[in-house]
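Dropping protein.txt in here (compact mmCIF, C-alpha atoms):
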# COMPACT_ATOMS: atom_id res chain seq x y z
CA MET X 1 0.00 0.00 0.00
CA GLY X 2 1.44 3.37 -1.00
CA THR X 3 2.35 6.17 1.35
CA THR X 4 -0.82 8.08 0.48
CA ALA X 5 -3.16 5.10 0.60
CA ALA X 6 -2.04 3.88 4.03
CA PRO X 7 -3.08 6.98 6.02
CA ALA X 8 -6.34 7.15 4.09
CA ALA X 9 -7.11 3.53 4.92
CA ALA X 10 -6.31 4.11 8.59
CA ALA X 11 -8.57 7.16 8.66
CA GLY X 12 -11.35 5.11 7.08
CA ILE X 13 -11.02 2.44 9.75
CA ARG X 14 -11.16 5.05 12.52
CA ALA X 15 -14.30 6.55 11.00
CA GLN X 16 -15.96 3.11 10.75
CA VAL X 17 -15.17 2.30 14.37
CA LYS X 18 -16.58 5.64 15.50
CA GLN X 19 -19.72 5.16 13.45
CA GLN X 20 -20.38 1.86 15.23
CA LEU X 21 -19.67 3.39 18.63
CA ALA X 22 -22.05 6.29 17.95
CA ARG X 23 -24.94 3.83 18.04
CA ALA X 24 -24.51 3.64 21.83
CA ALA X 25 -25.31 7.33 22.28
CA GLY X 26 -28.78 8.58 23.13
CA ARG X 27 -30.37 11.70 21.67
CA ALA X 28 -31.36 13.41 24.92
CA PRO X 29 -28.91 16.23 25.79
CA GLY X 30 -26.64 15.69 28.76
CA GLU X 31 -26.74 18.16 31.62
CA GLY X 32 -24.13 20.83 32.15
CA ALA X 33 -21.58 22.37 29.78
CA THR X 34 -19.96 20.38 26.98
CA VAL X 35 -16.91 22.28 25.70
CA LEU X 36 -15.75 21.18 22.23
CA ILE X 37 -12.08 21.50 21.21
CA TYR X 38 -11.12 22.39 17.65
CA HIS X 39 -7.69 23.32 16.30
CA ARG X 40 -7.58 23.78 12.52
CA ILE X 41 -10.42 24.07 10.01
CA GLY X 42 -9.67 23.34 6.37
CA GLY X 43 -5.92 23.60 6.81
CA GLY X 44 -5.29 21.12 4.02
CA THR X 45 -3.32 18.60 6.07
CA GLY X 46 -4.26 15.03 6.95
CA ASP X 47 -3.83 15.67 10.66
CA GLU X 48 -6.60 14.43 12.95
CA LEU X 49 -6.78 17.93 14.45
CA ASP X 50 -7.45 19.49 11.03
CA VAL X 51 -11.21 19.21 10.40
CA THR X 52 -12.24 19.69 6.77
CA THR X 53 -14.31 22.74 5.92
CA ALA X 54 -17.08 20.51 4.55
CA ASP X 55 -17.28 18.55 7.80
CA PHE X 56 -17.20 21.69 9.90
CA THR X 57 -20.02 23.13 7.80
CA ALA X 58 -22.16 20.07 8.54
CA GLN X 59 -21.31 20.34 12.23
CA ALA X 60 -22.14 24.07 12.32
CA ASP X 61 -25.47 23.34 10.62
CA LEU X 62 -26.35 20.83 13.34
CA LEU X 63 -25.39 23.27 16.08
CA ALA X 64 -27.42 26.06 14.46
CA GLU X 65 -30.52 23.84 14.53
CA LEU X 66 -30.38 23.50 18.32
CA PRO X 67 -32.91 25.44 20.42
CA PRO X 68 -31.90 29.00 21.41
CA GLY X 69 -29.59 29.08 24.41
CA ARG X 70 -27.92 25.73 23.72
CA VAL X 71 -24.76 27.02 22.02
CA VAL X 72 -23.38 29.70 24.33
CA SER X 73 -20.24 31.64 25.11
CA LEU X 74 -17.71 30.32 27.58
CA ASP X 75 -18.70 33.05 30.04
CA GLU X 76 -22.41 32.20 29.79
CA ALA X 77 -21.69 28.52 30.39
CA THR X 78 -19.54 29.43 33.40
CA ASP X 79 -22.25 31.72 34.77
CA ARG X 80 -24.83 28.94 34.52
CA LEU X 81 -22.61 26.47 36.35
CA ARG X 82 -21.74 28.93 39.11
CA ALA X 83 -25.46 29.61 39.58
CA GLY X 84 -26.02 25.88 40.06
CA ARG X 85 -27.88 25.46 36.78
CA ARG X 86 -27.56 22.12 34.98
CA THR X 87 -28.86 23.55 31.70
CA PRO X 88 -27.47 21.68 28.66
CA SER X 89 -24.91 24.00 27.06
CA THR X 90 -22.46 23.59 24.20
CA VAL X 91 -19.35 25.76 23.93
CA LEU X 92 -17.10 25.95 20.85
CA THR X 93 -13.38 26.52 21.40
CA PHE X 94 -10.44 26.72 19.00
CA ASP X 95 -6.93 26.16 20.35
CA ASP X 96 -3.73 27.94 19.32
CA GLY X 97 -5.01 30.61 16.87
CA PHE X 98 -4.61 29.27 13.34
CA ALA X 99 -5.51 31.68 10.52
CA ASP X 100 -7.67 29.04 8.83
CA VAL X 101 -10.14 29.48 11.71
CA HIS X 102 -10.78 32.98 10.36
CA GLU X 103 -10.67 31.91 6.73
CA ASN X 104 -12.87 28.83 6.93
CA ALA X 105 -14.73 28.67 10.26
CA TRP X 106 -15.47 32.34 10.91
CA PRO X 107 -17.80 32.91 7.91
CA LEU X 108 -19.89 29.89 8.99
CA LEU X 109 -19.95 30.90 12.65
CA LYS X 110 -20.89 34.49 11.80
CA GLU X 111 -23.67 33.46 9.41
CA ARG X 112 -25.17 31.16 12.06
CA ALA X 113 -24.50 33.55 14.98
CA LEU X 114 -22.62 30.85 16.91
CA PRO X 115 -20.45 32.16 19.78
CA PHE X 116 -16.97 30.71 20.21
CA THR X 117 -13.64 31.09 22.02
CA VAL X 118 -10.12 31.23 20.60
CA TYR X 119 -7.45 30.06 23.05
CA LEU X 120 -4.65 32.18 21.64
CA THR X 121 -0.91 31.57 21.65
CA SER X 122 -0.16 35.27 21.37
CA GLY X 123 3.48 34.99 20.33
CA GLN X 124 2.43 33.14 17.16
CA VAL X 125 0.06 35.87 15.94
CA GLY X 126 0.81 36.68 12.31
CA GLY X 127 3.61 34.11 12.10
CA GLU X 128 4.19 30.41 11.53
CA MET X 129 2.39 28.14 13.99
CA ARG X 130 5.18 25.88 15.18
CA TRP X 131 6.56 25.21 18.65
CA GLU X 132 8.79 22.80 20.50
CA GLY X 133 7.21 19.39 20.87
CA SER X 134 4.46 20.04 18.32
CA THR X 135 2.88 16.82 17.10
CA ALA X 136 1.15 18.48 14.13
CA LYS X 137 1.72 16.74 10.83
CA GLY X 138 2.11 18.38 7.44
CA GLU X 139 2.85 22.01 6.82
CA SER X 140 2.58 24.33 9.77
CA GLY X 141 -0.20 26.85 9.42
CA ARG X 142 -0.15 30.61 9.69
CA GLY X 143 -1.30 32.34 12.82
CA LEU X 144 -4.26 34.69 12.99
CA SER X 145 -3.45 38.37 12.64
CA TRP X 146 -4.51 40.94 15.22
CA GLU X 147 -6.75 42.48 12.56
CA GLN X 148 -8.55 39.15 12.06
CA LEU X 149 -8.91 38.70 15.81
CA ARG X 150 -10.28 42.23 16.18
CA GLU X 151 -12.82 41.60 13.42
CA MET X 152 -14.10 38.50 15.21
CA THR X 153 -14.17 39.99 18.70
CA ASP X 154 -15.88 43.18 17.51
CA SER X 155 -18.80 41.00 16.36
CA GLY X 156 -19.53 40.02 19.95
CA LEU X 157 -19.35 36.33 19.01
CA CYS X 158 -15.66 35.69 19.72
CA THR X 159 -13.95 35.49 23.10
CA VAL X 160 -10.13 35.53 23.08
CA ALA X 161 -8.59 33.48 25.90
CA ASN X 162 -5.05 32.70 27.07
CA HIS X 163 -3.03 29.74 25.72
CA THR X 164 0.37 31.11 26.84
CA ARG X 165 2.63 33.37 24.80
CA THR X 166 4.85 30.68 23.20
CA HIS X 167 2.76 27.48 23.59
CA ALA X 168 5.10 26.62 26.46
CA ARG X 169 5.35 22.99 27.45
CA PRO X 170 3.42 22.27 30.67
CA GLU X 171 6.58 21.89 32.73
CA LEU X 172 7.75 25.31 31.47
CA LEU X 173 4.58 27.22 32.31
CA THR X 174 5.49 30.44 34.14
CA LEU X 175 3.87 33.66 35.29
CA ALA X 176 5.67 35.37 32.40
CA GLU X 177 3.93 33.08 29.91
CA LEU X 178 0.52 33.82 31.44
CA ASP X 179 0.96 37.55 31.89
CA GLY X 180 2.76 37.99 28.58
CA CYS X 181 -0.20 36.56 26.67
CA ASN X 182 -2.66 38.60 28.72
CA ASP X 183 -0.64 41.77 28.06
CA ASP X 184 -0.46 41.09 24.31
CA VAL X 185 -4.21 40.58 24.03
CA GLU X 186 -5.00 43.64 26.12
CA GLU X 187 -2.62 45.81 24.10
CA HIS X 188 -4.05 44.80 20.72
CA LEU X 189 -7.71 44.03 21.50
CA GLY X 190 -8.42 46.14 24.57
CA THR X 191 -9.63 43.26 26.76
CA ARG X 192 -7.79 41.05 29.22
CA PRO X 193 -8.40 37.28 28.89
CA ARG X 194 -10.59 35.70 31.57
CA HIS X 195 -10.07 32.07 30.56
CA PHE X 196 -7.04 29.83 30.00
CA ALA X 197 -6.31 26.47 28.34
CA TYR X 198 -3.39 24.27 29.36
CA THR X 199 -1.07 23.43 26.48
CA TRP X 200 -1.49 19.80 25.45
CA GLY X 201 -4.37 19.76 27.93
CA VAL X 202 -1.95 18.83 30.73
CA THR X 203 -2.61 20.38 34.13
CA VAL X 204 0.18 22.12 36.06
CA PRO X 205 -0.72 21.75 39.76
CA HIS X 206 1.96 24.11 41.09
CA MET X 207 0.53 26.92 38.90
CA GLU X 208 -3.08 26.47 39.96
CA ALA X 209 -3.04 29.30 42.51
CA ALA X 210 -1.83 31.73 39.85
CA LEU X 211 -4.40 30.45 37.37
CA ARG X 212 -7.26 30.77 39.85
CA ALA X 213 -6.20 34.34 40.61
CA ARG X 214 -6.14 35.35 36.92
CA PHE X 215 -8.88 33.37 35.17
CA ARG X 216 -12.47 32.23 35.58
CA THR X 217 -11.60 28.81 34.13
CA ALA X 218 -8.54 26.79 33.14
CA ALA X 219 -9.39 24.18 30.52
CA THR X 220 -7.78 20.74 30.47
CA GLY X 221 -7.73 17.89 27.97
CA GLN X 222 -9.74 15.67 30.30
CA VAL X 223 -12.83 14.40 28.52
CA GLY X 224 -16.07 15.16 30.29
CA ARG X 225 -18.98 17.51 30.87
CA ASN X 226 -18.86 20.29 33.43
CA LEU X 227 -21.57 20.32 36.10
CA PRO X 228 -22.37 22.66 39.02
CA GLY X 229 -19.67 22.28 41.66
CA PHE X 230 -17.00 22.00 38.92
CA ASP X 231 -13.38 22.87 39.65
CA PRO X 232 -12.68 26.01 37.57
CA ALA X 233 -8.98 25.07 37.34
CA ARG X 234 -9.88 21.64 35.87
CA PHE X 235 -12.45 22.49 33.21
CA CYS X 236 -13.21 19.44 31.05
CA ARG X 237 -13.44 19.49 27.26
CA VAL X 238 -14.20 17.12 24.36
CA PRO X 239 -11.99 16.98 21.22
CA VAL X 240 -13.39 17.09 17.68
CA ARG X 241 -11.28 15.20 15.15
CA ARG X 242 -11.05 14.88 11.39
CA THR X 243 -12.36 11.30 11.31
CA ASP X 244 -15.45 11.94 13.46
CA PRO X 245 -18.56 10.87 11.52
CA ILE X 246 -21.52 13.20 11.96
CA ASP X 247 -23.33 10.81 14.34
CA PHE X 248 -20.19 10.57 16.49
CA PHE X 249 -20.00 14.38 16.52
CA ARG X 250 -23.69 14.63 17.42
CA ALA X 251 -23.05 12.45 20.48
CA LYS X 252 -20.28 14.84 21.56
CA PHE X 253 -22.29 18.04 21.42
CA TYR X 254 -25.21 16.37 23.13
CA GLY X 255 -22.78 15.56 25.93
CA ARG X 256 -23.28 11.82 25.42
CA LEU X 257 -19.68 10.73 25.83
CA ILE X 258 -19.89 6.91 25.94
CA PRO X 259 -18.68 6.66 22.29
CA GLU X 260 -15.83 9.12 22.88
CA ARG X 261 -14.61 7.30 25.97
CA ALA X 262 -14.93 3.91 24.29
CA TYR X 263 -12.88 5.13 21.33
CA ALA X 264 -10.21 6.51 23.70
CA ARG X 265 -9.93 3.06 25.32
CA ILE X 266 -9.55 1.43 21.91
CA VAL X 267 -6.79 3.87 20.95
CA ALA X 268 -4.98 3.36 24.26
CA THR X 269 -5.14 -0.42 23.87
CA ALA X 270 -3.87 -0.21 20.29
CA LYS X 271 -0.94 1.96 21.32
CA ALA X 272 -0.12 -0.38 24.20
CA VAL X 273 0.35 -3.27 21.78
CA GLY X 274 2.32 -1.15 19.33
CA ALA X 275 -0.35 -0.48 16.74
CA ARG X 276 -0.72 2.89 14.99
CA ALA X 277 -3.97 4.54 16.13

For this file, produce the structure as structure tokens.
Amino acid sequence: MGTTAAPAAAAGIRAQVKQQLARAAGRAPGEGATVLIYHRIGGGTGDELDVTTADFTAQADLLAELPPGRVVSLDEATDRLRAGRRTPSTVLTFDDGFADVHENAWPLLKERALPFTVYLTSGQVGGEMRWEGSTAKGESGRGLSWEQLREMTDSGLCTVANHTRTHARPELLTLAELDGCNDDVEEHLGTRPRHFAYTWGVTVPHMEAALRARFRTAATGQVGRNLPGFDPARFCRVPVRRTDPIDFFRAKFYGRLIPERAYARIVATAKAVGARA
């Protein structure tokens, strides 16, 4: 099998497995806030974190069909949880700050009036999105410009949050990384970030006091919904990947995470025995 055919076949297998797993999900929305993680949209790579524009369009259409008040901003979801409300809520987030979010996702989000958050690596704005330890495959993308970010935030739909200044590895997270990103955003956009996402989704316990003092939430890579009584420094999220069939995606935004967790166990088992997942 050629070098091009092999990844395509693997992606097809992943999609088939997910389609079968999606049958275990119900249609009733789960309680609390389900926070979806995106990275790139239509970046042209084969990376699992690069969702095609066509797939994102289908996903945005599904989200737009939900009743009013289901897709909300990160602040609204946080307010509901702090008030003890278990209202089903879906939050859209985009990590890092790739320019293709503006090029390919923003027109769809604007047309459908869907609020969203960009967790921004401020030192990559306007440059090449590449950092130490990056697992991204294919060509690195361009970063959003401050002009593009200002256009999105001025609409009232986009919240810009902190994802460090340099996409620092978890063990290298410092106050300078946090405050540097906050300062950059405030200088260029006039607002200071109120939310943070850990790089690689890995928590940094010794920094939690600083995070709690600066931000309303700190988002992890731990899969789960957020319910009243949540730990704001351990906000759960749910990844969206390139090979997610639409039924598998529907289970995610409904907060029905049995398929997602089952797939994660399959991937972990495959990796443990040396298979490529």

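Proximity to Pro193 in chain X was assessed for X:Ala105, X:Val125, X:Leu173, X:Ala218 counting only C-alpha atoms; the smallest distance is recorded for X:Ala218.
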
Legend entry - Surrounding residues of Thr166 in chain X excluding itself and chain neighbours under 5 positions, 10 Å, all atoms listed in the file, as a PyMOL selection string: chain X and resi 96+120-124+129-132+173+177-178+180-181+199

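Of note, CA of Ala28 in chain X and CA of Leu108 in chain X are spaced 25.6 Å apart.
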
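The closest residue to Ala176 in chain X, picked from X:Ser73, X:Thr243, X:Thr164, X:Thr78 and counting all atoms listed in the file, is X:Thr164.
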
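The list of residues with at least one atom within 12 Å of range 206-210 of chain X, based on all atoms listed in the file and without residues fewer than 4 positions apart in the same chain, reads Pro170, Glu171, Leu172, Leu173, Thr174, Leu175, Ala176, Glu177, Leu178, Asp179, Phe196, Tyr198, Val202, Arg214, Phe215, Arg216, Thr217, Ala218, Ala219, Asp231, Pro232, Ala233 and Arg234 of chain X.
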
Inset, instruction - Might you pull out every residue within 12 Å of Ile37 in chain X, with all atoms listed in the file counted and same-chain residues fewer than 5 positions away left off, and present them as a PyMOL selection string? - result: chain X and resi 49-51+90-96+116-119+197+200-201+219-224+236-242+249+252-253

Legend entry - One-decimal distance in Å that lies between CA of Ala15 in chain X and CA of Phe56 in chain X: 15.5 Å

Legend entry - Among listed residues X:Asn226, X:Asn162, X:Gln148, X:Thr153, nearest Asp183 in chain X (using all atoms listed in the file): X:Asn162
